[in-house]
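Containing PDB, C-alpha atoms and all ligand atoms: upload16.pdb.
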ATOM      1  CA  MET A   1    -129.637  24.484-125.110  1.00  0.00           C
ATOM      2  CA  ILE A   2    -129.533  22.982-121.650  1.00  0.00           C
ATOM      3  CA  ARG A   3    -130.275  19.249-121.767  1.00  0.00           C
ATOM      4  CA  PRO A   4    -131.725  17.181-118.915  1.00  0.00           C
ATOM      5  CA  ILE A   5    -129.068  15.118-117.119  1.00  0.00           C
ATOM      6  CA  LEU A   6    -129.867  11.435-116.521  1.00  0.00           C
ATOM      7  CA  ILE A   7    -129.796  10.314-112.916  1.00  0.00           C
ATOM      8  CA  HIS A   8    -128.342   6.963-111.821  1.00  0.00           C
ATOM      9  CA  PRO A   9    -129.616   4.232-111.960  1.00  0.00           C
ATOM     10  CA  ASP A  10    -130.364   4.375-115.685  1.00  0.00           C
ATOM     11  CA  PRO A  11    -129.482   1.699-118.268  1.00  0.00           C
ATOM     12  CA  ARG A  12    -128.159   4.428-120.617  1.00  0.00           C
ATOM     13  CA  LEU A  13    -125.436   5.219-118.071  1.00  0.00           C
ATOM     14  CA  LYS A  14    -124.208   1.607-118.180  1.00  0.00           C
ATOM     15  CA  LYS A  15    -123.611   1.379-121.942  1.00  0.00           C
ATOM     16  CA  VAL A  16    -120.287   1.307-123.761  1.00  0.00           C
ATOM     17  CA  CYS A  17    -120.457   4.308-126.120  1.00  0.00           C
ATOM     18  CA  GLU A  18    -119.748   4.306-129.858  1.00  0.00           C
ATOM     19  CA  PRO A  19    -116.692   6.086-131.267  1.00  0.00           C
ATOM     20  CA  VAL A  20    -117.307   9.184-133.376  1.00  0.00           C
ATOM     21  CA  ALA A  21    -116.183   8.708-137.003  1.00  0.00           C
ATOM     22  CA  GLU A  22    -116.415  12.313-138.143  1.00  0.00           C
ATOM     23  CA  ILE A  23    -117.502  15.548-136.563  1.00  0.00           C
ATOM     24  CA  THR A  24    -120.747  16.713-138.101  1.00  0.00           C
ATOM     25  CA  SER A  25    -122.425  20.053-137.384  1.00  0.00           C
ATOM     26  CA  GLU A  26    -124.946  18.063-135.322  1.00  0.00           C
ATOM     27  CA  LEU A  27    -122.124  16.782-133.088  1.00  0.00           C
ATOM     28  CA  GLY A  28    -120.713  20.312-132.835  1.00  0.00           C
ATOM     29  CA  LYS A  29    -124.091  21.504-131.590  1.00  0.00           C
ATOM     30  CA  LEU A  30    -124.256  18.581-129.168  1.00  0.00           C
ATOM     31  CA  ALA A  31    -120.836  19.540-127.720  1.00  0.00           C
ATOM     32  CA  GLU A  32    -122.028  23.146-127.327  1.00  0.00           C
ATOM     33  CA  ASP A  33    -125.184  21.966-125.522  1.00  0.00           C
ATOM     34  CA  MET A  34    -123.087  19.739-123.262  1.00  0.00           C
ATOM     35  CA  LEU A  35    -120.822  22.652-122.248  1.00  0.00           C
ATOM     36  CA  GLU A  36    -123.862  24.832-121.566  1.00  0.00           C
ATOM     37  CA  THR A  37    -125.470  22.040-119.517  1.00  0.00           C
ATOM     38  CA  MET A  38    -122.221  21.455-117.572  1.00  0.00           C
ATOM     39  CA  TYR A  39    -121.703  25.149-116.717  1.00  0.00           C
ATOM     40  CA  ASP A  40    -125.361  25.507-115.753  1.00  0.00           C
ATOM     41  CA  ALA A  41    -125.332  22.482-113.400  1.00  0.00           C
ATOM     42  CA  PRO A  42    -122.615  23.600-112.380  1.00  0.00           C
ATOM     43  CA  GLY A  43    -120.001  20.922-112.917  1.00  0.00           C
ATOM     44  CA  VAL A  44    -116.424  20.514-114.183  1.00  0.00           C
ATOM     45  CA  GLY A  45    -117.116  17.674-116.630  1.00  0.00           C
ATOM     46  CA  LEU A  46    -119.926  15.980-118.546  1.00  0.00           C
ATOM     47  CA  ALA A  47    -120.026  12.898-120.777  1.00  0.00           C
ATOM     48  CA  ALA A  48    -122.503  12.412-123.662  1.00  0.00           C
ATOM     49  CA  PRO A  49    -124.224   9.339-122.091  1.00  0.00           C
ATOM     50  CA  GLN A  50    -125.245  11.573-119.174  1.00  0.00           C
ATOM     51  CA  ILE A  51    -127.623  13.351-121.547  1.00  0.00           C
ATOM     52  CA  GLY A  52    -128.655  10.048-123.160  1.00  0.00           C
ATOM     53  CA  VAL A  53    -126.310  10.118-126.181  1.00  0.00           C
ATOM     54  CA  THR A  54    -124.181   6.962-126.349  1.00  0.00           C
ATOM     55  CA  LYS A  55    -121.260   8.521-128.268  1.00  0.00           C
ATOM     56  CA  ARG A  56    -117.641   8.907-127.186  1.00  0.00           C
ATOM     57  CA  LEU A  57    -117.701  12.610-126.372  1.00  0.00           C
ATOM     58  CA  ILE A  58    -116.824  14.457-123.179  1.00  0.00           C
ATOM     59  CA  VAL A  59    -116.575  18.109-122.218  1.00  0.00           C
ATOM     60  CA  MET A  60    -114.750  19.620-119.263  1.00  0.00           C
ATOM     61  CA  ASP A  61    -113.464  22.806-117.695  1.00  0.00           C
ATOM     62  CA  CYS A  62    -111.590  22.386-114.432  1.00  0.00           C
ATOM     63  CA  VAL A  63    -110.715  26.082-114.031  1.00  0.00           C
ATOM     64  CA  LYS A  64    -112.672  26.706-110.847  1.00  0.00           C
ATOM     65  CA  ASP A  65    -111.146  30.100-109.975  1.00  0.00           C
ATOM     66  CA  PRO A  66    -113.553  32.789-111.283  1.00  0.00           C
ATOM     67  CA  GLU A  67    -110.565  35.184-111.577  1.00  0.00           C
ATOM     68  CA  LEU A  68    -109.032  32.964-114.270  1.00  0.00           C
ATOM     69  CA  ALA A  69    -110.157  32.599-117.875  1.00  0.00           C
ATOM     70  CA  PRO A  70    -112.368  29.545-118.453  1.00  0.00           C
ATOM     71  CA  ARG A  71    -111.009  26.694-120.548  1.00  0.00           C
ATOM     72  CA  PRO A  72    -113.895  24.819-122.152  1.00  0.00           C
ATOM     73  CA  MET A  73    -112.603  21.562-123.650  1.00  0.00           C
ATOM     74  CA  VAL A  74    -114.376  19.217-126.085  1.00  0.00           C
ATOM     75  CA  LEU A  75    -112.868  15.740-126.513  1.00  0.00           C
ATOM     76  CA  PHE A  76    -114.114  13.208-129.067  1.00  0.00           C
ATOM     77  CA  ASN A  77    -112.903   9.585-128.715  1.00  0.00           C
ATOM     78  CA  PRO A  78    -110.620  10.386-125.752  1.00  0.00           C
ATOM     79  CA  GLN A  79    -108.090   7.663-124.971  1.00  0.00           C
ATOM     80  CA  ILE A  80    -105.588   7.377-122.146  1.00  0.00           C
ATOM     81  CA  THR A  81    -102.163   6.769-123.717  1.00  0.00           C
ATOM     82  CA  TRP A  82    -100.126   6.887-120.499  1.00  0.00           C
ATOM     83  CA  GLN A  83    -100.805   6.926-116.783  1.00  0.00           C
ATOM     84  CA  SER A  84     -98.509   7.671-113.858  1.00  0.00           C
ATOM     85  CA  GLU A  85     -97.697   5.069-111.261  1.00  0.00           C
ATOM     86  CA  ASP A  86     -98.311   7.735-108.638  1.00  0.00           C
ATOM     87  CA  LEU A  87    -101.887   7.717-107.444  1.00  0.00           C
ATOM     88  CA  SER A  88    -103.937  10.506-105.991  1.00  0.00           C
ATOM     89  CA  THR A  89    -107.184  10.500-104.076  1.00  0.00           C
ATOM     90  CA  TYR A  90    -109.899  13.001-104.780  1.00  0.00           C
ATOM     91  CA  GLU A  91    -113.386  13.375-103.382  1.00  0.00           C
ATOM     92  CA  GLU A  92    -115.456  12.840-106.510  1.00  0.00           C
ATOM     93  CA  GLY A  93    -119.025  13.663-107.322  1.00  0.00           C
ATOM     94  CA  CYS A  94    -121.083  13.266-110.483  1.00  0.00           C
ATOM     95  CA  LEU A  95    -123.918  15.259-112.032  1.00  0.00           C
ATOM     96  CA  SER A  96    -125.759  11.933-112.515  1.00  0.00           C
ATOM     97  CA  ILE A  97    -125.427  11.171-108.773  1.00  0.00           C
ATOM     98  CA  PRO A  98    -126.325  14.527-107.218  1.00  0.00           C
ATOM     99  CA  GLU A  99    -125.003  15.483-103.788  1.00  0.00           C
ATOM    100  CA  GLN A 100    -123.118  12.227-103.204  1.00  0.00           C
ATOM    101  CA  TYR A 101    -119.350  12.345-102.821  1.00  0.00           C
ATOM    102  CA  ALA A 102    -116.715   9.726-102.146  1.00  0.00           C
ATOM    103  CA  GLU A 103    -112.955   9.412-102.277  1.00  0.00           C
ATOM    104  CA  VAL A 104    -111.640   7.624-105.352  1.00  0.00           C
ATOM    105  CA  GLU A 105    -108.001   6.730-105.991  1.00  0.00           C
ATOM    106  CA  ARG A 106    -106.726   7.089-109.566  1.00  0.00           C
ATOM    107  CA  PRO A 107    -103.433   7.698-111.376  1.00  0.00           C
ATOM    108  CA  ALA A 108    -102.267  11.213-110.458  1.00  0.00           C
ATOM    109  CA  GLU A 109    -101.323  12.092-114.053  1.00  0.00           C
ATOM    110  CA  VAL A 110    -102.494  10.847-117.433  1.00  0.00           C
ATOM    111  CA  ARG A 111    -101.779  11.575-121.076  1.00  0.00           C
ATOM    112  CA  VAL A 112    -104.881  11.650-123.232  1.00  0.00           C
ATOM    113  CA  ARG A 113    -105.274  11.621-127.013  1.00  0.00           C
ATOM    114  CA  TRP A 114    -108.478  12.837-128.622  1.00  0.00           C
ATOM    115  CA  MET A 115    -110.063  14.402-131.675  1.00  0.00           C
ATOM    116  CA  ALA A 116    -110.887  18.100-131.329  1.00  0.00           C
ATOM    117  CA  LEU A 117    -113.949  19.923-132.684  1.00  0.00           C
ATOM    118  CA  ASP A 118    -112.037  20.806-135.880  1.00  0.00           C
ATOM    119  CA  GLY A 119    -111.191  17.123-136.433  1.00  0.00           C
ATOM    120  CA  SER A 120    -107.507  17.533-135.488  1.00  0.00           C
ATOM    121  CA  GLU A 121    -105.752  15.025-133.258  1.00  0.00           C
ATOM    122  CA  GLN A 122    -104.645  16.388-129.879  1.00  0.00           C
ATOM    123  CA  GLU A 123    -102.625  14.973-127.027  1.00  0.00           C
ATOM    124  CA  GLU A 124    -102.030  16.475-123.620  1.00  0.00           C
ATOM    125  CA  GLN A 125    -100.864  15.510-120.167  1.00  0.00           C
ATOM    126  CA  PHE A 126    -103.227  16.253-117.309  1.00  0.00           C
ATOM    127  CA  ALA A 127    -102.533  16.526-113.576  1.00  0.00           C
ATOM    128  CA  GLY A 128    -104.505  17.470-110.475  1.00  0.00           C
ATOM    129  CA  LEU A 129    -108.253  17.955-110.825  1.00  0.00           C
ATOM    130  CA  TRP A 130    -107.945  17.809-114.650  1.00  0.00           C
ATOM    131  CA  ALA A 131    -106.481  14.283-114.421  1.00  0.00           C
ATOM    132  CA  THR A 132    -109.222  13.098-112.071  1.00  0.00           C
ATOM    133  CA  CYS A 133    -111.940  14.698-114.189  1.00  0.00           C
ATOM    134  CA  VAL A 134    -110.769  13.334-117.542  1.00  0.00           C
ATOM    135  CA  GLN A 135    -110.520   9.786-116.118  1.00  0.00           C
ATOM    136  CA  HIS A 136    -113.965  10.070-114.497  1.00  0.00           C
ATOM    137  CA  GLU A 137    -115.502  11.280-117.790  1.00  0.00           C
ATOM    138  CA  ILE A 138    -113.782   8.607-119.921  1.00  0.00           C
ATOM    139  CA  ASP A 139    -115.159   6.001-117.485  1.00  0.00           C
ATOM    140  CA  HIS A 140    -118.665   7.254-118.337  1.00  0.00           C
ATOM    141  CA  LEU A 141    -118.021   6.322-121.991  1.00  0.00           C
ATOM    142  CA  ASP A 142    -117.449   2.731-120.851  1.00  0.00           C
ATOM    143  CA  GLY A 143    -120.566   2.667-118.685  1.00  0.00           C
ATOM    144  CA  LYS A 144    -118.604   3.084-115.474  1.00  0.00           C
ATOM    145  CA  LEU A 145    -119.501   5.417-112.605  1.00  0.00           C
ATOM    146  CA  PHE A 146    -117.308   6.595-109.716  1.00  0.00           C
ATOM    147  CA  ILE A 147    -119.453   4.581-107.290  1.00  0.00           C
ATOM    148  CA  ASP A 148    -118.253   1.418-109.074  1.00  0.00           C
ATOM    149  CA  TYR A 149    -114.916   2.005-107.286  1.00  0.00           C
ATOM    150  CA  LEU A 150    -116.617   1.859-103.878  1.00  0.00           C
ATOM    151  CA  GLY A 151    -117.503  -1.176-101.804  1.00  0.00           C
ATOM    152  CA  PRO A 152    -120.864  -2.849-102.525  1.00  0.00           C
ATOM    153  CA  LEU A 153    -122.547  -1.536 -99.371  1.00  0.00           C
ATOM    154  CA  LYS A 154    -121.641   2.094-100.012  1.00  0.00           C
ATOM    155  CA  ARG A 155    -122.634   1.718-103.663  1.00  0.00           C
ATOM    156  CA  GLN A 156    -126.013   0.203-102.771  1.00  0.00           C
ATOM    157  CA  MET A 157    -126.667   2.915-100.212  1.00  0.00           C
ATOM    158  CA  ILE A 158    -126.039   5.641-102.797  1.00  0.00           C
ATOM    159  CA  THR A 159    -128.104   3.818-105.445  1.00  0.00           C
ATOM    160  CA  ARG A 160    -131.068   3.569-103.038  1.00  0.00           C
ATOM    161  CA  LYS A 161    -130.820   7.296-102.303  1.00  0.00           C
ATOM    162  CA  MET A 162    -130.863   8.012-106.033  1.00  0.00           C
ATOM    163  CA  GLU A 163    -133.899   5.741-106.584  1.00  0.00           C
ATOM    164  CA  LYS A 164    -135.672   7.661-103.845  1.00  0.00           C
ATOM    165  CA  LEU A 165    -134.649  11.003-105.389  1.00  0.00           C
ATOM    166  CA  LYS A 166    -135.992   9.902-108.765  1.00  0.00           C
ATOM    167  CA  ARG A 167    -139.322   8.818-107.228  1.00  0.00           C
ATOM    168  CA  GLU A 168    -139.612  12.185-105.484  1.00  0.00           C
ATOM    169  CA  ARG A 169    -138.800  14.074-108.692  1.00  0.00           C
ATOM    170  CA  ALA A 170    -141.321  11.995-110.666  1.00  0.00           C
ATOM    171  CA  ARG A 171    -144.056  12.911-108.170  1.00  0.00           C
ATOM    172  CA  SER A 172    -143.421  16.651-108.173  1.00  0.00           C
TER
HETATM  173 NI    NI A 201    -119.857  11.811-113.709  1.00  0.00          NI
END

Would you encode the structure as structure tokens?
Amino acid sequence: MIRPILIHPDPRLKKVCEPVAEITSELGKLAEDMLETMYDAPGVGLAAPQIGVTKRLIVMDCVKDPELAPRPMVLFNPQITWQSEDLSTYEEGCLSIPEQYAEVERPAEVRVRWMALDGSEQEEQFAGLWATCVQHEIDHLDGKLFIDYLGPLKRQMITRKMEKLKRERARS
């Protein structure tokens, strides 16, 4: 089921999310809905707070080449266990901030530990778009958006555009 994606500014996007203690069938269904919502958008990552659920859950698939097999990933309680000193800059966007993009500098590579859908503990090192995406999504779980890395003027400009977009959507 495709869920509506919250648009910034929204207090639910600013909350620190709760860890998941155990994976229930309800949470499995939520992860499935999040993947469906992400692919439909389309996007490469989605965090639970973006659909109004303040739990530590993210989904992602950074395989953008349609010739390659998709790799849907579901990460409960993701934690960065290592980050490279090397930084990389990527032009980021966010499904909660439609059509706004800005360059953000982050560690180029990260190791992440998480709980998988079957409850097992996983750890993997990510680079490239995967590294950017996983850091962006984990930020969402701490109530942080990519525009928080920008200067106050740029951030305010984007926030005003989003307020306007929300007013327009509410009218139609
Ligand atoms: Ni986002």

Practice task
Could you please determine the separation between CA of Tyr149 in chain A and CA of Arg106 in chain A in Å, to one decimal place?
Solution key: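 Interatomic distance here is 9.9 Å.
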
For a cut-off of 7 Å around (-110.8, 9.4, -106.5), file coordinates, pick out all residues using only C-alpha atoms and list them as a PDB file with C-alpha atoms, in the coordinates of the input.
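What follows is the written file out.pdb:
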ATOM      1  CA  SER A  88    -103.937  10.506-105.991  1.00  0.00           C
ATOM      2  CA  THR A  89    -107.184  10.500-104.076  1.00  0.00           C
ATOM      3  CA  TYR A  90    -109.899  13.001-104.780  1.00  0.00           C
ATOM      4  CA  GLU A  91    -113.386  13.375-103.382  1.00  0.00           C
ATOM      5  CA  GLU A  92    -115.456  12.840-106.510  1.00  0.00           C
ATOM      6  CA  GLU A 103    -112.955   9.412-102.277  1.00  0.00           C
ATOM      7  CA  VAL A 104    -111.640   7.624-105.352  1.00  0.00           C
ATOM      8  CA  GLU A 105    -108.001   6.730-105.991  1.00  0.00           C
ATOM      9  CA  ARG A 106    -106.726   7.089-109.566  1.00  0.00           C
ATOM     10  CA  THR A 132    -109.222  13.098-112.071  1.00  0.00           C
TER      11      THR A 132
END

Quiz item: Counting all atoms listed in the file, what is within 6 Å of range 78-80 of chain A, bar same-chain residues fewer than 5 positions away, as a list in words?
Solution: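 Using all atoms listed in the file, the neighbours found are Arg111, Val112, Arg113 and Trp114 of chain A.
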
On this structure, which residues satisfy the PyMOL selection byres (((not hetatm)) within 7 of (chain A and resi 201)), written as a PyMOL selection string?
-> chain A and resi 46+93-96+136-137+140+145

query: A:Asn77, A:Gln83, A:Arg167, A:Tyr101: which is nearest Glu121 in chain A, counting all atoms listed in the file?
result: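 So, comparing all the options, the nearest one is A:Asn77.
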
Run through the PyMOL selection byres (((chain A and resi 85) around 8) and not hetatm) on the given coordinates and return the selected residues as a list in words.
-> Gln83, Ser84, Asp86, Leu87, Pro107 and Ala108 of chain A

Output range 55-69 of chain A with N, CA, C and O atoms present, as a PDB file, in the coordinates of the input.
ATOM      1  N   LYS A  55    -122.410   8.258-127.398  1.00  0.00           N
ATOM      2  CA  LYS A  55    -121.260   8.521-128.268  1.00  0.00           C
ATOM      3  C   LYS A  55    -120.059   8.900-127.412  1.00  0.00           C
ATOM      4  O   LYS A  55    -120.215   9.426-126.309  1.00  0.00           O
ATOM      5  N   ARG A  56    -118.849   8.633-127.964  1.00  0.00           N
ATOM      6  CA  ARG A  56    -117.641   8.907-127.186  1.00  0.00           C
ATOM      7  C   ARG A  56    -117.266  10.390-127.278  1.00  0.00           C
ATOM      8  O   ARG A  56    -116.445  10.796-128.081  1.00  0.00           O
ATOM      9  N   LEU A  57    -117.893  11.159-126.424  1.00  0.00           N
ATOM     10  CA  LEU A  57    -117.701  12.610-126.372  1.00  0.00           C
ATOM     11  C   LEU A  57    -117.784  13.075-124.917  1.00  0.00           C
ATOM     12  O   LEU A  57    -118.727  12.697-124.203  1.00  0.00           O
ATOM     13  N   ILE A  58    -116.784  13.852-124.515  1.00  0.00           N
ATOM     14  CA  ILE A  58    -116.824  14.457-123.179  1.00  0.00           C
ATOM     15  C   ILE A  58    -116.491  15.943-123.286  1.00  0.00           C
ATOM     16  O   ILE A  58    -115.827  16.369-124.240  1.00  0.00           O
ATOM     17  N   VAL A  59    -116.973  16.706-122.332  1.00  0.00           N
ATOM     18  CA  VAL A  59    -116.575  18.109-122.218  1.00  0.00           C
ATOM     19  C   VAL A  59    -116.094  18.337-120.792  1.00  0.00           C
ATOM     20  O   VAL A  59    -116.504  17.625-119.870  1.00  0.00           O
ATOM     21  N   MET A  60    -115.193  19.303-120.620  1.00  0.00           N
ATOM     22  CA  MET A  60    -114.750  19.620-119.263  1.00  0.00           C
ATOM     23  C   MET A  60    -114.144  21.014-119.199  1.00  0.00           C
ATOM     24  O   MET A  60    -113.713  21.581-120.211  1.00  0.00           O
ATOM     25  N   ASP A  61    -114.151  21.557-118.000  1.00  0.00           N
ATOM     26  CA  ASP A  61    -113.464  22.806-117.695  1.00  0.00           C
ATOM     27  C   ASP A  61    -113.198  22.785-116.202  1.00  0.00           C
ATOM     28  O   ASP A  61    -114.103  22.981-115.397  1.00  0.00           O
ATOM     29  N   CYS A  62    -111.941  22.516-115.848  1.00  0.00           N
ATOM     30  CA  CYS A  62    -111.590  22.386-114.432  1.00  0.00           C
ATOM     31  C   CYS A  62    -111.002  23.680-113.858  1.00  0.00           C
ATOM     32  O   CYS A  62    -110.424  23.665-112.773  1.00  0.00           O
ATOM     33  N   VAL A  63    -111.139  24.791-114.578  1.00  0.00           N
ATOM     34  CA  VAL A  63    -110.715  26.082-114.031  1.00  0.00           C
ATOM     35  C   VAL A  63    -111.826  26.548-113.095  1.00  0.00           C
ATOM     36  O   VAL A  63    -112.878  26.981-113.537  1.00  0.00           O
ATOM     37  N   LYS A  64    -111.594  26.389-111.782  1.00  0.00           N
ATOM     38  CA  LYS A  64    -112.672  26.706-110.847  1.00  0.00           C
ATOM     39  C   LYS A  64    -112.581  28.155-110.350  1.00  0.00           C
ATOM     40  O   LYS A  64    -113.560  28.707-109.883  1.00  0.00           O
ATOM     41  N   ASP A  65    -111.369  28.747-110.466  1.00  0.00           N
ATOM     42  CA  ASP A  65    -111.146  30.100-109.975  1.00  0.00           C
ATOM     43  C   ASP A  65    -111.821  31.111-110.916  1.00  0.00           C
ATOM     44  O   ASP A  65    -111.452  31.230-112.077  1.00  0.00           O
ATOM     45  N   PRO A  66    -112.840  31.847-110.415  1.00  0.00           N
ATOM     46  CA  PRO A  66    -113.553  32.789-111.283  1.00  0.00           C
ATOM     47  C   PRO A  66    -112.675  33.940-111.786  1.00  0.00           C
ATOM     48  O   PRO A  66    -113.050  34.643-112.735  1.00  0.00           O
ATOM     49  N   GLU A  67    -111.500  34.133-111.139  1.00  0.00           N
ATOM     50  CA  GLU A  67    -110.565  35.184-111.577  1.00  0.00           C
ATOM     51  C   GLU A  67    -109.844  34.770-112.861  1.00  0.00           C
ATOM     52  O   GLU A  67    -109.304  35.617-113.569  1.00  0.00           O
ATOM     53  N   LEU A  68    -109.777  33.466-113.112  1.00  0.00           N
ATOM     54  CA  LEU A  68    -109.032  32.964-114.270  1.00  0.00           C
ATOM     55  C   LEU A  68    -109.960  32.759-115.469  1.00  0.00           C
ATOM     56  O   LEU A  68    -111.160  32.553-115.300  1.00  0.00           O
ATOM     57  N   ALA A  69    -109.375  32.813-116.658  1.00  0.00           N
ATOM     58  CA  ALA A  69    -110.157  32.599-117.875  1.00  0.00           C
ATOM     59  C   ALA A  69    -110.642  31.156-117.924  1.00  0.00           C
ATOM     60  O   ALA A  69    -109.890  30.231-117.604  1.00  0.00           O
TER      61      ALA A  69
END
